[in-house]
Amino acid sequence: MTSPPGSLDWPAPDEGTRLSEADLRMPRTPGVIRRFWARHPRLTDSLIAIGYWLGAIGLTLLTAAVPRSEVTPKPIPMVIAGLVVLTIAAGALLFRRSRPWIPVFAAWAGTLAAAPLIGFSDLALIPIAVYGLAIYRSARAAWIAYAASVPISTIAYLLSSPTDNTDTGIVGMTLDGGVPAAVFLLIVVLVAINIGNRRRYVTALIDRAARLEREREQLARLAALDERSRIAREMHDIVSHSLTVMVTLAEGSAAIAPEDAERARDGMRRVAETGRSALTDMRRMLGVLNENEVAELAPQPGVVDLHELVEGFRTAGLPVRFVSRGQEPGDPALQLAVYRIVQESLTNVLKHALGPADVEVDVRFRRGSTSIVVTDDGAPSTEPIGTGGHGTVGMRERVAVYGGTLESAPCPTRGWRLAATLNHDRSGDA
């Protein structure tokens, strides 16, 4: 994620304001220098390795150049060999981020190998390596490395100091060299663990914020797809119903125009009214999709509009008998589903049934469910409504929302029967 400039003043949750996309981004790391080192990790590791190497080389050459009466000077080949060992160990520090155990093993081996060659114990190499292990691996790994580093540092101190030149013996030398190294390394480990834990915590927060932002975008896309699907179903119901009624009315008006001009004019006026109503509904649905337009608000049709719906089909020439029983539910979504199922069923009858003499719509409201049965006695259709189409798919999706069933099949003798059940309350039936 990109980090924009800005402060950490987040809006309070009770202010009623929504967080913008910029507010959801993580703030930048404070400080120009810290941001520079964070952007150039390779340069940082290289400078650490070069700095240690220069210090080790300088201290080794200084020790070899300054004679001490109590210590026998090391031969030049041994000093050169010690410098080579320290150079290899310094090069291993370049892997302190990607492979943090490599610098630790190299530090252990380099310290043990260089101590007898250069005449002193290097106290910086192991702490630098263990520090990187605590930062870039884990606290557990750092404590394991600490437990192994203490005896290794003590052994390196013993190897760098001949026992014949001291009065304290092995035990005294162990205490003199091991205790200070253990204390110093303990301080380094504690500081590194604290910094490493805080770094891992911040990294986890950033990863979680990025994951939440991705999930939010995915949920927004899914919600948009679901809304588009819902609008597509509504548009299909509006267009299919309105065009079917308009075509039927227009054909009927054209057929009776020579004998009954007045009825033909009434039919055409009904066509115009149906068209205007369809256009109004389409503008309202399209206004939801257009962010620059304010959609005209209107209530969705419900059970109370079924009588008007049936009357419209009667005007179109469909002999519909409508029966409604029981107490209608108060859920607007359920009422819309009932309305659309009845509308689509009658539209299919008007489109596909050949010469129906009786069409019955039976809607029964119970305490736990609502049943819709639409039957007609039209001639067998060559394109059954159950074979597919957006209308049947839309009805099945509406029924599936309420865990119901939808059956569409020919009647035993003549016509078609559609039965839908919507389970809106499973507490029990009346």
# chains A, B, ... in the order shown; residues from 1 in each chain; ligands from 1

call {"tool": "residues_around", "arguments": {"residues": "range 243-255 of chain A", "least_positions_apart": "2", "cutoff": "12 Å", "atoms": "only C-alpha atoms", "output": "PyMOL selection string"}}
result
chain A and resi 235-241+257-279+309-318+343-344+346-352

call {"tool": "atom_distance", "arguments": {"atom1": "CA of Leu306 in chain A", "atom2": "CA of Gly415 in chain A"}}
result
22.5 Å

call {"tool": "residues_around", "arguments": {"residues": "range 47-56 of chain A", "least_positions_apart": "2", "cutoff": "8 Å", "atoms": "only C-alpha atoms", "output": "list of chain:residue names"}}
result
A:Leu43, A:Thr44, A:Asp45, A:Gly58, A:Leu59, A:Thr60, A:Leu86, A:Thr87, A:Ala90, A:Gly91, A:Leu93, A:Leu94, A:Asp122, A:Ala124, A:Leu125

call {"tool": "write_last_selection", "arguments": {"atoms": "all heavy atoms", "output": "tab-separated table (two decimals), in the first residue's frame"}}
result
chain	number	residue	atom	x	y	z
A	43	LEU	N	22.04	-1.34	0.99
A	43	LEU	CA	23.06	-0.36	1.37
A	43	LEU	C	23.31	-0.40	2.87
A	43	LEU	O	24.46	-0.32	3.32
A	43	LEU	CB	22.60	1.04	0.93
A	43	LEU	CG	23.51	2.19	1.33
A	43	LEU	CD1	24.89	2.03	0.70
A	43	LEU	CD2	22.90	3.53	0.93
A	44	THR	N	22.24	-0.55	3.66
A	44	THR	CA	22.39	-0.62	5.11
A	44	THR	C	23.26	-1.81	5.51
A	44	THR	O	24.20	-1.67	6.32
A	44	THR	CB	21.01	-0.72	5.78
A	44	THR	OG1	20.21	0.38	5.35
A	44	THR	CG2	21.14	-0.71	7.28
A	45	ASP	N	22.96	-3.00	4.97
A	45	ASP	CA	23.74	-4.19	5.33
A	45	ASP	C	25.18	-4.07	4.85
A	45	ASP	O	26.11	-4.51	5.54
A	45	ASP	CB	23.09	-5.43	4.71
A	45	ASP	CG	21.70	-5.70	5.29
A	45	ASP	OD1	21.44	-5.20	6.40
A	45	ASP	OD2	20.90	-6.40	4.64
A	58	GLY	N	41.55	-2.76	11.41
A	58	GLY	CA	42.35	-1.76	12.11
A	58	GLY	C	42.81	-2.24	13.47
A	58	GLY	O	43.99	-2.03	13.85
A	59	LEU	N	41.92	-2.90	14.23
A	59	LEU	CA	42.31	-3.38	15.56
A	59	LEU	C	43.34	-4.50	15.44
A	59	LEU	O	44.29	-4.57	16.26
A	59	LEU	CB	41.07	-3.87	16.30
A	59	LEU	CG	41.29	-4.32	17.76
A	59	LEU	CD1	41.84	-3.17	18.59
A	59	LEU	CD2	39.99	-4.83	18.37
A	60	THR	N	43.20	-5.35	14.42
A	60	THR	CA	44.17	-6.44	14.23
A	60	THR	C	45.54	-5.88	13.88
A	60	THR	O	46.57	-6.32	14.45
A	60	THR	CB	43.68	-7.38	13.13
A	60	THR	OG1	42.41	-7.92	13.50
A	60	THR	CG2	44.66	-8.52	12.93
A	86	LEU	N	38.32	-13.02	9.25
A	86	LEU	CA	37.43	-11.92	9.62
A	86	LEU	C	36.77	-11.31	8.38
A	86	LEU	O	35.61	-10.87	8.45
A	86	LEU	CB	38.21	-10.85	10.38
A	86	LEU	CG	38.75	-11.27	11.76
A	86	LEU	CD1	39.52	-10.11	12.40
A	86	LEU	CD2	37.61	-11.70	12.67
A	87	THR	N	37.48	-11.29	7.26
A	87	THR	CA	36.89	-10.77	6.02
A	87	THR	C	35.73	-11.65	5.56
A	87	THR	O	34.66	-11.16	5.15
A	87	THR	CB	37.94	-10.67	4.92
A	87	THR	OG1	39.01	-9.82	5.36
A	87	THR	CG2	37.35	-10.12	3.64
A	90	ALA	N	32.84	-11.08	7.84
A	90	ALA	CA	32.20	-9.79	7.56
A	90	ALA	C	31.31	-9.89	6.32
A	90	ALA	O	30.22	-9.30	6.27
A	90	ALA	CB	33.25	-8.70	7.38
A	91	GLY	N	31.77	-10.65	5.30
A	91	GLY	CA	30.93	-10.83	4.11
A	91	GLY	C	29.63	-11.55	4.41
A	91	GLY	O	28.61	-11.30	3.76
A	93	LEU	N	27.75	-11.06	6.86
A	93	LEU	CA	26.77	-10.13	7.42
A	93	LEU	C	25.82	-9.57	6.36
A	93	LEU	O	24.79	-9.00	6.70
A	93	LEU	CB	27.50	-8.97	8.11
A	93	LEU	CG	28.31	-9.33	9.36
A	93	LEU	CD1	29.02	-8.09	9.90
A	93	LEU	CD2	27.40	-9.92	10.43
A	94	LEU	N	26.18	-9.72	5.08
A	94	LEU	CA	25.29	-9.25	4.02
A	94	LEU	C	24.00	-10.07	3.96
A	94	LEU	O	23.03	-9.64	3.34
A	94	LEU	CB	26.01	-9.32	2.67
A	94	LEU	CG	27.24	-8.43	2.52
A	94	LEU	CD1	27.91	-8.70	1.17
A	94	LEU	CD2	26.86	-6.96	2.64
A	122	ASP	N	37.40	-11.25	19.35
A	122	ASP	CA	36.53	-10.24	18.74
A	122	ASP	C	35.18	-10.22	19.47
A	122	ASP	O	34.44	-11.21	19.49
A	122	ASP	CB	36.31	-10.58	17.26
A	122	ASP	CG	35.62	-9.45	16.52
A	122	ASP	OD1	35.16	-8.50	17.16
A	122	ASP	OD2	35.55	-9.54	15.28
A	124	ALA	N	32.67	-8.00	18.79
A	124	ALA	CA	31.64	-7.30	18.01
A	124	ALA	C	30.93	-8.20	17.01
A	124	ALA	O	29.75	-7.98	16.71
A	124	ALA	CB	32.27	-6.11	17.28
A	125	LEU	N	31.63	-9.22	16.47
A	125	LEU	CA	31.06	-10.00	15.38
A	125	LEU	C	29.82	-10.78	15.83
A	125	LEU	O	28.77	-10.74	15.16
A	125	LEU	CB	32.13	-10.96	14.83
A	125	LEU	CG	31.70	-11.81	13.63
A	125	LEU	CD1	31.26	-10.92	12.48
A	125	LEU	CD2	32.85	-12.72	13.20

call {"tool": "residues_around", "arguments": {"residues": "range 145-162 of chain A", "least_positions_apart": "6", "cutoff": "9 Å", "atoms": "only C-alpha atoms", "output": "JSON, numbers by chain"}}
result
{"A": [71, 101, 104, 108, 111, 112, 113, 114, 115, 116, 117, 118, 119, 120, 121, 122, 123, 126, 127, 130, 133, 170, 173, 174, 175, 177, 178, 179, 181, 182, 185, 186, 189]}

call {"tool": "closest_residue", "arguments": {"among": "A:Arg140, A:His424, A:Arg97, A:Arg198", "to": "Asp331 in chain A", "atoms": "only C-alpha atoms"}}
result
A:His424

call {"tool": "select_by_dssp", "arguments": {"residues": "range 84-193 of chain A", "states": "alpha helix (DSSP H)", "output": "VMD selection string"}}
result
chain A and resid 84 to 92 101 to 118 125 to 136 139 to 160 169 to 193

call {"tool": "atom_distance", "arguments": {"atom1": "CA of Ala223 in chain A", "atom2": "CA of Ala209 in chain A"}}
result
20.7 Å

call {"tool": "select_by_dssp", "arguments": {"residues": "range 244-353 of chain A", "states": "strand (DSSP E or B)", "output": "PyMOL selection string"}}
result
chain A and resi 320-325

call {"tool": "residues_around", "arguments": {"residues": "Phe322 in chain A", "least_positions_apart": "2", "cutoff": "10 Å", "atoms": "only C-alpha atoms", "output": "list in words"}}
result
Leu306, His307, Val310, Glu311, Pro319, Val320, Ser324, Val359, Glu360, Val361, Asp362, Val363 and Val374 of chain A

call {"tool": "residues_around", "arguments": {"residues": "Val84 in chain A", "least_positions_apart": "4", "cutoff": "10 Å", "atoms": "only C-alpha atoms", "output": "list in words"}}
result
Ile57, Met78, Val79, Ile80, Ile88, Ala89, Ala90, Gly110 and Ala114 of chain A

call {"tool": "write_last_selection", "arguments": {"atoms": "all heavy atoms", "output": "compact mmCIF listing (two decimals), in the first residue's frame"}}
result
# COMPACT_ATOMS: atom_id res chain seq x y z
N ILE A 57 39.89 -4.99 10.97
CA ILE A 57 41.21 -4.91 10.33
C ILE A 57 42.10 -3.91 11.08
O ILE A 57 43.29 -4.17 11.35
CB ILE A 57 41.06 -4.49 8.86
CG1 ILE A 57 40.33 -5.60 8.07
CG2 ILE A 57 42.42 -4.22 8.23
CD1 ILE A 57 41.06 -6.91 8.04
N MET A 78 50.15 -15.74 10.33
CA MET A 78 48.99 -15.98 11.17
C MET A 78 48.07 -14.76 11.19
O MET A 78 46.83 -14.88 11.15
CB MET A 78 49.43 -16.34 12.59
CG MET A 78 50.15 -17.67 12.70
SD MET A 78 50.58 -18.07 14.42
CE MET A 78 48.98 -18.14 15.17
N VAL A 79 48.67 -13.56 11.25
CA VAL A 79 47.86 -12.35 11.24
C VAL A 79 47.10 -12.22 9.93
O VAL A 79 45.91 -11.87 9.90
CB VAL A 79 48.76 -11.12 11.48
CG1 VAL A 79 47.94 -9.83 11.35
CG2 VAL A 79 49.41 -11.20 12.85
N ILE A 80 47.80 -12.54 8.80
CA ILE A 80 47.12 -12.47 7.50
C ILE A 80 45.99 -13.49 7.45
O ILE A 80 44.88 -13.20 6.94
CB ILE A 80 48.14 -12.70 6.38
CG1 ILE A 80 49.17 -11.57 6.35
CG2 ILE A 80 47.43 -12.82 5.03
CD1 ILE A 80 50.27 -11.76 5.32
N ILE A 88 35.92 -12.96 5.64
CA ILE A 88 34.84 -13.89 5.25
C ILE A 88 33.65 -13.74 6.19
O ILE A 88 32.48 -13.71 5.75
CB ILE A 88 35.36 -15.33 5.25
CG1 ILE A 88 36.45 -15.49 4.18
CG2 ILE A 88 34.22 -16.31 5.01
CD1 ILE A 88 37.12 -16.86 4.20
N ALA A 89 33.92 -13.62 7.48
CA ALA A 89 32.83 -13.45 8.44
C ALA A 89 32.09 -12.13 8.22
O ALA A 89 30.86 -12.05 8.36
CB ALA A 89 33.39 -13.51 9.86
N ALA A 90 32.84 -11.08 7.84
CA ALA A 90 32.20 -9.79 7.56
C ALA A 90 31.31 -9.89 6.32
O ALA A 90 30.22 -9.30 6.27
CB ALA A 90 33.25 -8.70 7.38
N GLY A 110 34.15 -17.83 12.71
CA GLY A 110 35.18 -16.82 12.53
C GLY A 110 35.82 -16.40 13.85
O GLY A 110 37.04 -16.19 13.92
N ALA A 114 39.70 -17.03 14.39
CA ALA A 114 40.57 -15.85 14.36
C ALA A 114 41.24 -15.57 15.69
O ALA A 114 42.29 -14.91 15.73
CB ALA A 114 39.75 -14.63 13.93
